[in-house]
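Colleague: Just structure_14.pdb, nothing more (PDB, C-alpha atoms (C1' of nucleotides)):
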ATOM      1  CA  MET A  12      88.693 178.339  91.100
ATOM      2  CA  PRO A  13      88.798 174.596  90.813
ATOM      3  CA  GLU A  14      85.560 172.881  89.824
ATOM      4  CA  LEU A  15      85.155 169.222  88.877
ATOM      5  CA  PRO A  16      87.224 169.323  85.635
ATOM      6  CA  GLU A  17      90.090 171.128  87.371
ATOM      7  CA  VAL A  18      90.052 168.711  90.314
ATOM      8  CA  GLU A  19      89.957 165.756  87.913
ATOM      9  CA  THR A  20      92.928 167.236  86.023
ATOM     10  CA  VAL A  21      94.839 167.596  89.300
ATOM     11  CA  ARG A  22      93.906 164.019  90.225
ATOM     12  CA  ARG A  23      95.171 162.624  86.925
ATOM     13  CA  THR A  24      98.399 164.617  87.170
ATOM     14  CA  LEU A  25      99.054 163.569  90.760
ATOM     15  CA  GLN A  26      98.145 159.978  89.962
ATOM     16  CA  SER A  27     101.091 159.759  87.587
ATOM     17  CA  LEU A  28     103.431 161.669  89.895
ATOM     18  CA  VAL A  29     102.939 160.461  93.456
ATOM     19  CA  VAL A  30     101.121 157.103  93.539
ATOM     20  CA  GLY A  31     103.448 154.526  95.108
ATOM     21  CA  LYS A  32     105.445 157.188  96.959
ATOM     22  CA  LYS A  33     105.992 156.940 100.692
ATOM     23  CA  ILE A  34     105.392 159.931 102.962
ATOM     24  CA  GLU A  35     108.568 160.377 105.002
ATOM     25  CA  LYS A  36     107.554 163.543 106.823
ATOM     26  CA  VAL A  37     104.779 166.148 106.875
ATOM     27  CA  GLU A  38     105.135 169.858 107.594
ATOM     28  CA  VAL A  39     102.039 171.934 108.376
ATOM     29  CA  HIS A  40     102.653 175.675 108.194
ATOM     30  CA  TYR A  41      99.010 176.807 108.480
ATOM     31  CA  GLU A  42      97.045 174.690 110.947
ATOM     32  CA  LYS A  43      93.534 175.744 109.872
ATOM     33  CA  ILE A  44      93.964 173.784 106.630
ATOM     34  CA  ILE A  45      93.694 170.584 108.717
ATOM     35  CA  ALA A  46      90.021 170.369 109.626
ATOM     36  CA  ASN A  47      89.547 167.313 111.840
ATOM     37  CA  GLU A  48      92.955 166.631 113.412
ATOM     38  CA  THR A  49      95.546 168.545 115.354
ATOM     39  CA  LYS A  50      98.654 169.483 113.440
ATOM     40  CA  GLU A  51     100.698 167.052 115.538
ATOM     41  CA  ALA A  52      98.335 164.088 115.046
ATOM     42  CA  PHE A  53      98.073 164.803 111.309
ATOM     43  CA  GLN A  54     101.847 164.846 110.933
ATOM     44  CA  LYS A  55     102.363 161.743 113.065
ATOM     45  CA  LYS A  56      99.676 159.587 111.428
ATOM     46  CA  LEU A  57     100.885 160.224 107.877
ATOM     47  CA  VAL A  58     104.542 159.333 108.395
ATOM     48  CA  GLY A  59     105.337 155.986 106.750
ATOM     49  CA  GLU A  60     102.076 155.876 104.753
ATOM     50  CA  VAL A  61     102.290 155.053 101.045
ATOM     51  CA  ILE A  62      99.998 156.836  98.559
ATOM     52  CA  ARG A  63      98.163 153.882  96.992
ATOM     53  CA  GLU A  64      95.588 155.616  94.797
ATOM     54  CA  ILE A  65      94.018 159.021  94.210
ATOM     55  CA  HIS A  66      90.252 159.290  93.740
ATOM     56  CA  ARG A  67      87.851 162.165  93.202
ATOM     57  CA  LYS A  68      84.302 162.707  94.382
ATOM     58  CA  GLY A  69      82.700 165.983  93.383
ATOM     59  CA  LYS A  70      85.362 168.592  94.025
ATOM     60  CA  TRP A  71      87.098 166.462  96.661
ATOM     61  CA  LEU A  72      90.410 164.704  96.120
ATOM     62  CA  ILE A  73      90.815 161.482  98.094
ATOM     63  CA  PHE A  74      94.354 160.227  98.710
ATOM     64  CA  GLU A  75      94.054 156.533  99.547
ATOM     65  CA  LEU A  76      96.892 155.600 101.908
ATOM     66  CA  ASP A  77      97.776 152.372 103.754
ATOM     67  CA  HIS A  78      95.693 153.057 106.853
ATOM     68  CA  TYR A  79      93.973 156.376 106.140
ATOM     69  CA  ASP A  80      92.048 158.325 103.527
ATOM     70  CA  LEU A  81      93.224 161.907 103.166
ATOM     71  CA  LEU A  82      90.498 164.202 101.821
ATOM     72  CA  SER A  83      91.547 167.469 100.220
ATOM     73  CA  HIS A  84      89.269 170.263  99.001
ATOM     74  CA  LEU A  85      91.017 172.967  96.975
ATOM     75  CA  ARG A  86      88.197 175.502  97.494
ATOM     76  CA  MET A  87      89.099 178.692  95.632
ATOM     77  CA  GLU A  88      92.813 178.629  94.961
ATOM     78  CA  GLY A  89      94.306 175.385  96.237
ATOM     79  CA  LYS A  90      97.005 173.774  94.100
ATOM     80  CA  TYR A  91      99.500 170.937  94.428
ATOM     81  CA  PHE A  92     103.070 171.223  93.237
ATOM     82  CA  LEU A  93     105.740 168.552  93.090
ATOM     83  CA  LYS A  94     109.082 170.164  93.924
ATOM     84  CA  THR A  95     112.444 169.233  95.399
ATOM     85  CA  ASN A  96     113.492 170.247  98.896
ATOM     86  CA  GLN A  97     116.128 172.535  97.338
ATOM     87  CA  GLU A  98     113.439 174.939  96.182
ATOM     88  CA  PRO A  99     112.563 177.664  98.693
ATOM     89  CA  LEU A 100     109.185 177.407 100.391
ATOM     90  CA  SER A 101     106.717 179.932  99.028
ATOM     91  CA  LYS A 102     104.721 181.917 101.579
ATOM     92  CA  HIS A 103     101.537 180.304 100.247
ATOM     93  CA  GLU A 104     102.739 176.699 100.580
ATOM     94  CA  HIS A 105     100.973 175.581 103.758
ATOM     95  CA  VAL A 106     101.395 171.788 103.845
ATOM     96  CA  VAL A 107     104.477 169.901 102.647
ATOM     97  CA  PHE A 108     104.500 166.127 102.185
ATOM     98  CA  CYS A 109     108.132 165.008 102.049
ATOM     99  CA  LEU A 110     108.230 161.977  99.748
ATOM    100  CA  ASP A 111     111.171 159.960  98.447
ATOM    101  CA  TYR A 112     114.150 162.305  98.970
ATOM    102  CA  PRO A 113     114.386 165.015  97.654
ATOM    103  CA  GLN A 114     110.827 165.141  96.279
ATOM    104  CA  GLU A 115     108.112 167.097  98.066
ATOM    105  CA  LEU A 116     104.407 167.398  97.327
ATOM    106  CA  ARG A 117     103.433 170.921  98.391
ATOM    107  CA  TYR A 118      99.921 172.233  98.959
ATOM    108  CA  HIS A 119      99.764 175.858  97.852
ATOM    109  CA  ASP A 120      96.744 178.022  98.695
ATOM    110  CA  THR A 121      96.888 181.807  98.336
ATOM    111  CA  ARG A 122      93.659 182.429 100.198
ATOM    112  CA  LYS A 123      93.925 179.608 102.746
ATOM    113  CA  PHE A 124      90.357 178.434 102.023
ATOM    114  CA  GLY A 125      91.268 174.812 101.250
ATOM    115  CA  ARG A 126      90.699 172.077 103.830
ATOM    116  CA  MET A 127      92.099 168.588 104.515
ATOM    117  CA  TYR A 128      90.461 165.803 106.496
ATOM    118  CA  LEU A 129      92.055 162.574 107.659
ATOM    119  CA  PHE A 130      89.862 159.498 108.190
ATOM    120  CA  GLU A 131      90.515 155.866 109.000
ATOM    121  CA  LYS A 132      90.675 153.942 105.736
ATOM    122  CA  GLY A 133      87.274 153.104 104.282
ATOM    123  CA  LEU A 134      85.330 155.520 106.477
ATOM    124  CA  CYS A 135      85.556 158.612 104.311
ATOM    125  CA  MET A 136      82.641 157.762 101.992
ATOM    126  CA  THR A 137      80.244 157.945 104.926
ATOM    127  CA  CYS A 138      81.936 160.961 106.512
ATOM    128  CA  GLU A 139      80.357 164.377 106.735
ATOM    129  CA  PRO A 140      82.084 166.075 103.790
ATOM    130  CA  LEU A 141      81.221 163.332 101.281
ATOM    131  CA  GLN A 142      77.892 161.916 102.410
ATOM    132  CA  GLU A 143      75.988 165.091 101.506
ATOM    133  CA  LEU A 144      77.219 165.082  97.908
ATOM    134  CA  GLY A 145      74.657 164.588  95.175
ATOM    135  CA  TYR A 146      74.918 162.801  91.837
ATOM    136  CA  GLU A 147      78.187 162.606  89.950
ATOM    137  CA  PRO A 148      77.571 164.022  86.430
ATOM    138  CA  TRP A 149      78.007 160.567  84.857
ATOM    139  CA  ASP A 150      76.091 158.668  87.526
ATOM    140  CA  GLU A 151      73.566 156.362  85.844
ATOM    141  CA  ASN A 152      71.034 157.437  88.481
ATOM    142  CA  LEU A 153      71.248 161.033  87.295
ATOM    143  CA  THR A 154      68.140 160.822  85.093
ATOM    144  CA  ASP A 155      65.680 163.509  84.058
ATOM    145  CA  SER A 156      63.067 161.958  86.395
ATOM    146  CA  ASN A 157      65.367 161.937  89.441
ATOM    147  CA  LEU A 158      66.662 165.452  88.797
ATOM    148  CA  TYR A 159      63.106 166.674  88.220
ATOM    149  CA  LYS A 160      61.978 165.181  91.567
ATOM    150  CA  LEU A 161      64.901 166.807  93.352
ATOM    151  CA  LEU A 162      64.304 170.235  91.795
ATOM    152  CA  GLN A 163      60.588 170.148  92.569
ATOM    153  CA  LYS A 164      61.560 170.574  96.246
ATOM    154  CA  LYS A 165      63.796 173.579  95.587
ATOM    155  CA  LYS A 166      62.311 177.039  95.843
ATOM    156  CA  VAL A 167      65.482 178.787  94.693
ATOM    157  CA  PRO A 168      66.630 179.851  91.197
ATOM    158  CA  ILE A 169      68.036 177.015  89.087
ATOM    159  CA  LYS A 170      71.467 178.677  89.141
ATOM    160  CA  THR A 171      71.510 178.321  92.937
ATOM    161  CA  SER A 172      70.427 174.665  92.708
ATOM    162  CA  LEU A 173      73.208 173.896  90.221
ATOM    163  CA  LEU A 174      75.735 175.250  92.716
ATOM    164  CA  ASP A 175      74.186 173.110  95.468
ATOM    165  CA  GLN A 176      76.586 170.159  95.813
ATOM    166  CA  SER A 177      73.804 167.962  97.185
ATOM    167  CA  VAL A 178      72.100 168.087  93.757
ATOM    168  CA  ILE A 179      74.927 167.482  91.270
ATOM    169  CA  ALA A 180      78.416 167.295  92.774
ATOM    170  CA  GLY A 181      81.222 169.215  91.128
ATOM    171  CA  ILE A 182      79.500 172.125  89.388
ATOM    172  CA  GLY A 183      80.802 175.582  90.278
ATOM    173  CA  ASN A 184      79.975 179.108  89.202
ATOM    174  CA  ILE A 185      81.657 179.061  85.785
ATOM    175  CA  TYR A 186      80.228 175.773  84.567
ATOM    176  CA  ALA A 187      76.764 176.526  85.992
ATOM    177  CA  ASP A 188      76.557 179.542  83.646
ATOM    178  CA  GLU A 189      77.747 177.465  80.693
ATOM    179  CA  ILE A 190      75.316 174.622  81.453
ATOM    180  CA  LEU A 191      72.329 176.978  81.657
ATOM    181  CA  PHE A 192      73.334 178.684  78.415
ATOM    182  CA  LEU A 193      73.563 175.372  76.533
ATOM    183  CA  SER A 194      70.244 174.322  78.085
ATOM    184  CA  HIS A 195      68.535 177.614  77.055
ATOM    185  CA  ILE A 196      67.364 178.146  80.634
ATOM    186  CA  HIS A 197      67.291 181.527  82.382
ATOM    187  CA  PRO A 198      69.402 181.429  85.592
ATOM    188  CA  LEU A 199      66.617 183.068  87.628
ATOM    189  CA  LYS A 200      63.968 180.517  86.646
ATOM    190  CA  PHE A 201      62.806 178.760  89.803
ATOM    191  CA  SER A 202      64.002 175.176  90.135
ATOM    192  CA  PHE A 203      60.489 173.833  90.726
ATOM    193  CA  GLN A 204      59.301 175.427  87.461
ATOM    194  CA  LEU A 205      61.615 173.287  85.336
ATOM    195  CA  THR A 206      60.113 170.525  83.206
ATOM    196  CA  LYS A 207      61.521 167.037  82.719
ATOM    197  CA  LYS A 208      62.647 168.193  79.284
ATOM    198  CA  ASP A 209      64.603 171.029  80.939
ATOM    199  CA  CYS A 210      66.199 168.496  83.300
ATOM    200  CA  GLN A 211      67.153 166.328  80.363
ATOM    201  CA  ARG A 212      68.841 169.314  78.696
ATOM    202  CA  ILE A 213      70.678 170.209  81.909
ATOM    203  CA  ILE A 214      72.033 166.678  82.303
ATOM    204  CA  GLY A 215      73.121 166.552  78.665
ATOM    205  CA  ALA A 216      74.794 169.968  78.856
ATOM    206  CA  THR A 217      76.488 169.135  82.173
ATOM    207  CA  GLN A 218      78.003 165.949  80.816
ATOM    208  CA  LYS A 219      79.058 167.579  77.545
ATOM    209  CA  ILE A 220      80.672 170.643  79.118
ATOM    210  CA  LEU A 221      82.437 168.832  81.951
ATOM    211  CA  TYR A 222      83.744 166.166  79.573
ATOM    212  CA  GLN A 223      85.114 168.795  77.181
ATOM    213  CA  ALA A 224      86.629 170.763  80.067
ATOM    214  CA  ILE A 225      88.385 167.675  81.458
ATOM    215  CA  GLU A 226      89.758 166.856  78.015
ATOM    216  CA  MET A 227      91.191 170.379  77.837
ATOM    217  CA  GLY A 228      92.680 170.293  81.304
ATOM    218  CA  GLY A 229      90.095 172.525  82.945
ATOM    219  CA  THR A 230      89.600 176.279  82.925
ATOM    220  CA  THR A 231      92.009 178.981  83.971
ATOM    221  CA  ILE A 232      90.116 182.167  84.786
ATOM    222  CA  ARG A 233      92.360 183.749  87.351
ATOM    223  CA  SER A 234      94.217 181.373  89.517
ATOM    224  CA  TYR A 235      93.804 177.725  88.728
ATOM    225  CA  GLU A 236      96.761 175.578  87.725
ATOM    226  CA  SER A 237      97.156 171.837  88.010
ATOM    227  CA  ALA A 238     100.224 170.231  89.597
ATOM    228  CA  GLN A 239     103.471 171.479  88.039
ATOM    229  CA  GLY A 240     101.798 174.656  86.817
ATOM    230  CA  VAL A 241      99.818 173.312  83.862
ATOM    231  CA  HIS A 242      97.123 175.769  82.714
ATOM    232  CA  GLY A 243      93.768 174.579  81.430
ATOM    233  CA  ARG A 244      92.584 175.535  77.938
ATOM    234  CA  PHE A 245      88.823 175.418  78.400
ATOM    235  CA  GLN A 246      88.622 179.151  79.147
ATOM    236  CA  GLN A 247      89.014 179.708  75.398
ATOM    237  CA  HIS A 248      85.779 177.774  74.899
ATOM    238  CA  LEU A 249      83.588 179.504  77.479
ATOM    239  CA  LEU A 250      80.393 180.686  75.811
ATOM    240  CA  VAL A 251      78.927 183.139  78.332
ATOM    241  CA  HIS A 252      80.922 183.291  81.554
ATOM    242  CA  ASN A 253      83.009 186.464  81.542
ATOM    243  CA  GLN A 254      81.985 187.095  77.906
ATOM    244  CA  THR A 255      80.413 190.204  76.372
ATOM    245  CA  LYS A 256      78.666 188.908  73.202
ATOM    246  CA  CYS A 257      76.490 185.842  72.788
ATOM    247  CA  PRO A 258      78.243 183.421  70.401
ATOM    248  CA  VAL A 259      74.845 182.371  68.968
ATOM    249  CA  CYS A 260      72.820 185.596  68.461
ATOM    250  CA  GLN A 261      75.558 188.211  69.006
ATOM    251  CA  LYS A 262      73.393 190.090  71.556
ATOM    252  CA  ASP A 263      75.044 191.511  74.683
ATOM    253  CA  ILE A 264      75.639 189.057  77.525
ATOM    254  CA  GLU A 265      74.058 190.266  80.784
ATOM    255  CA  ARG A 266      75.699 190.008  84.153
ATOM    256  CA  ILE A 267      73.541 189.721  87.262
ATOM    257  CA  THR A 268      73.946 188.425  90.811
ATOM    258  CA  VAL A 269      72.159 185.218  91.766
ATOM    259  CA  GLY A 270      72.573 183.937  95.296
ATOM    260  CA  GLY A 271      75.470 186.329  95.721
ATOM    261  CA  ARG A 272      77.335 184.932  92.698
ATOM    262  CA  SER A 273      78.161 186.692  89.434
ATOM    263  CA  THR A 274      76.012 185.177  86.740
ATOM    264  CA  TYR A 275      76.375 185.616  82.979
ATOM    265  CA  PHE A 276      73.594 184.779  80.532
ATOM    266  CA  CYS A 277      72.143 185.755  77.152
ATOM    267  CA  PRO A 278      68.708 187.363  77.669
ATOM    268  CA  ASN A 279      67.786 186.491  74.089
ATOM    269  CA  CYS A 280      68.739 182.776  74.127
ATOM    270  CA  GLN A 281      67.786 182.171  77.765
ATOM    271  CA  LYS A 282      64.288 183.544  78.175
ATOM    272  CA  ARG A 283      62.564 183.323  81.532
TER     273      ARG A 283
ATOM    274  C1'  DG B  20      63.463 171.931 106.960
ATOM    275  C1'  DT B  21      64.712 175.627 104.041
ATOM    276  C1'  DG B  22      66.704 179.811 102.432
ATOM    277  C1'  DA B  23      69.419 184.087 103.162
ATOM    278  C1'  DC B  24      73.380 186.010 104.756
ATOM    279  C1'  DC B  25      78.013 186.264 106.504
ATOM    280  C1'  DA B  26      82.865 184.895 107.568
ATOM    281  C1'  DC B  27      86.845 182.871 106.079
ATOM    282  C1'  DC B  28      91.183 184.950 103.217
ATOM    283  C1'  DT B  29      94.303 187.463  99.933
ATOM    284  C1'  DG B  30      95.515 189.423  95.449
ATOM    285  C1'  DG B  31      94.026 192.213  91.732
ATOM    286  C1'  DC B  32      91.893 196.136  90.189
ATOM    287  C1'  DC B  33      90.055 200.718  90.296
ATOM    288  C1'  DG B  34      89.504 205.442  91.766
ATOM    289  C1'  DC B  35      91.303 209.169  94.196
TER     290       DC B  35
ATOM    291  C1'  DT C   8     103.132 206.341  93.419
ATOM    292  C1'  DG C   9     100.571 204.930  97.252
ATOM    293  C1'  DC C  10      96.558 204.102  99.644
ATOM    294  C1'  DG C  11      91.846 202.500 100.645
ATOM    295  C1'  DG C  12      87.924 200.033  99.264
ATOM    296  C1'  DC C  13      85.649 196.665  96.588
ATOM    297  C1'  DC C  14      85.329 192.241  94.319
ATOM    298  C1'  DA C  15      86.131 187.400  93.387
ATOM    299  C1'  DG C  16      83.910 182.742  95.128
ATOM    300  C1'  DG C  17      83.150 177.359  97.737
ATOM    301  C1'  DT C  18      81.692 176.016 101.872
ATOM    302  C1'  DG C  19      80.101 175.897 106.651
ATOM    303  C1'  DG C  20      77.849 178.182 110.362
ATOM    304  C1'  DT C  21      74.202 180.997 112.103
ATOM    305  C1'  DC C  22      69.840 183.047 112.074
ATOM    306  C1'  DA C  23      65.041 183.860 110.663
TER     307       DA C  23
END
Using structure tokens, write down the structure from this file.
Modeller:
Amino acid sequence: MPELPEVETVRRTLQSLVVGKKIEKVEVHYEKIIANETKEAFQKKLVGEVIREIHRKGKWLIFELDHYDLLSHLRMEGKYFLKTNQEPLSKHEHVVFCLDYPQELRYHDTRKFGRMYLFEKGLCMTCEPLQELGYEPWDENLTDSNLYKLLQKKKVPIKTSLLDQSVIAGIGNIYADEILFLSHIHPLKFSFQLTKKDCQRIIGATQKILYQAIEMGGTTIRSYESAQGVHGRFQQHLLVHNQTKCPVCQKDIERITVGGRSTYFCPNCQKR
DNA sequence: GTGACCACCTGGCCGC
DNA sequence: TGCGGCCAGGTGGTCA
């Protein structure tokens, strides 16, 4: 389940593997992956384009091409693999970018949740998928005052607000649990009840956890791998998510549902 | 405008 | 062993 650290790991891996490569041909085997173009237009527009750079915003990957920006969201199980055309196509490989012969960049997605958008170059930052995104975790404007103001308007539990991409972009279910644990905040506490001090702790914990996770190549809970099948190591450092004992007080970790999502927390360290 | 709920999908797991 | 049902979860759409 790729969150910001996993997407950043994929970006870094792809950056070294495919930047400078020319797209000779595109095969789309599952049309729904392409969100804002027909399969035919998508295939036609990308032929001859060179991958100039790969960026990330929140959980979105942005392939900067000659004339277009290709946006890719991995959702739950999306992965990219660099293979040769000799290797048989897996049933979960839905989009194939044929690069310099015989190399192919293949988009693999078991659950077909991932989406790709194609925009004219330079227009993607103001497009629908990206314009709603909130602060990047290392954005200098992500201050305790700004976060506090934002959360004052939210009448939902803080866990739900952390998953809201219009607040802080890139946080998913696993890291939201970890951030709240490090911040000593109960996941059911209402967002508008948080103090500026709480916001300061959330920002600090977010930056710390995401930085560590990126350094370790992300988290592999069930299905995430970066390009070429590299597994992340951060799962060995998770403090509460999917854990049974609190690493601080040794009390039992509780599992509840918040906003329909499994949520792990320590009732002793994270009082309401 | 905001929040709650559901659909999209498939593999893994569990109970029978 | 095989089958059915539930669960996982990011996002967008719909409804209240």
Colleague: Using all atoms listed in the file, I'd like every residue of chain B that has an atom within 7 Å of chain A; please write them out as an mmCIF file with C-alpha atoms (C1' of nucleotides), in the coordinates of the input.
Modeller:
data_model
loop_
_atom_site.group_PDB
_atom_site.id
_atom_site.type_symbol
_atom_site.label_atom_id
_atom_site.label_comp_id
_atom_site.auth_asym_id
_atom_site.auth_seq_id
_atom_site.Cartn_x
_atom_site.Cartn_y
_atom_site.Cartn_z
ATOM 1 C "C1'" DC B 27 86.845 182.871 106.079
ATOM 2 C "C1'" DC B 28 91.183 184.950 103.217
ATOM 3 C "C1'" DT B 29 94.303 187.463 99.933
#
Colleague: For the PyMOL selection byres ((chain C and resi 13) around 12), applied here, can you spell out every residue it catches as a PDB file with C-alpha atoms (C1' of nucleotides), in the coordinates of the input?
Modeller:
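As a result, out_39.pdb now contains:
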ATOM      1  C1'  DG B  31      94.026 192.213  91.732  1.00  0.00           C
ATOM      2  C1'  DC B  32      91.893 196.136  90.189  1.00  0.00           C
ATOM      3  C1'  DC B  33      90.055 200.718  90.296  1.00  0.00           C
ATOM      4  C1'  DG B  34      89.504 205.442  91.766  1.00  0.00           C
TER       5       DG B  34
ATOM      6  C1'  DG C  11      91.846 202.500 100.645  1.00  0.00           C
ATOM      7  C1'  DG C  12      87.924 200.033  99.264  1.00  0.00           C
ATOM      8  C1'  DC C  14      85.329 192.241  94.319  1.00  0.00           C
ATOM      9  C1'  DA C  15      86.131 187.400  93.387  1.00  0.00           C
TER      10       DA C  15
END
Colleague: If we count all atoms listed in the file and set the cut-off at 12 Å, which residues sit around C:DC22, ignoring sequence neighbours fewer than 5 positions away in its own chain? Please answer as an MDAnalysis selection string.
Modeller: chainID B and resid 22:25
Colleague: Would you mind listing, as a list of chain:residue names, all residues of chain C that have at least one atom within 8 Å of chain A, where all atoms listed in the file are what counts?
Modeller: C:DG16, C:DG17, C:DT18
Colleague: Using atom CA of A:Glu75 and atom CA of A:Glu60 as the two end points, give the distance in Å to one decimal.
Modeller: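 Between atom CA of A:Glu75 and atom CA of A:Glu60 the gap works out to 9.6 Å.
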Colleague: Got a sec to resolve the PyMOL selection byres ((chain A and resi 19) around 10) on this structure and send the residues as a list of chain:residue names?
Modeller: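 Residues picked by the PyMOL selection byres ((chain A and resi 19) around 10): A:Pro13, A:Glu14, A:Leu15, A:Pro16, A:Glu17, A:Val18, A:Thr20, A:Val21, A:Arg22, A:Arg23, A:Thr24, A:Leu25, A:His66, A:Arg67, A:Lys68, A:Gly69, A:Lys70, A:Trp71, A:Leu72, A:Gly181, A:Ala224, A:Ile225, A:Glu226, A:Gly228, A:Gly229, A:Ser237.
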Colleague: Please measure the separation of atom CA of A:Ser27 and atom CA of A:Pro113, giving the value in Å to one decimal.
Modeller: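 Answer for the atom CA of A:Ser27 to atom CA of A:Pro113 separation: 17.5 Å.
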Colleague: Can you turn the PyMOL selection byres ((chain A and resi 254-261) around 12) into a concrete residue list for this file, as a count of residues only?
Modeller: 28
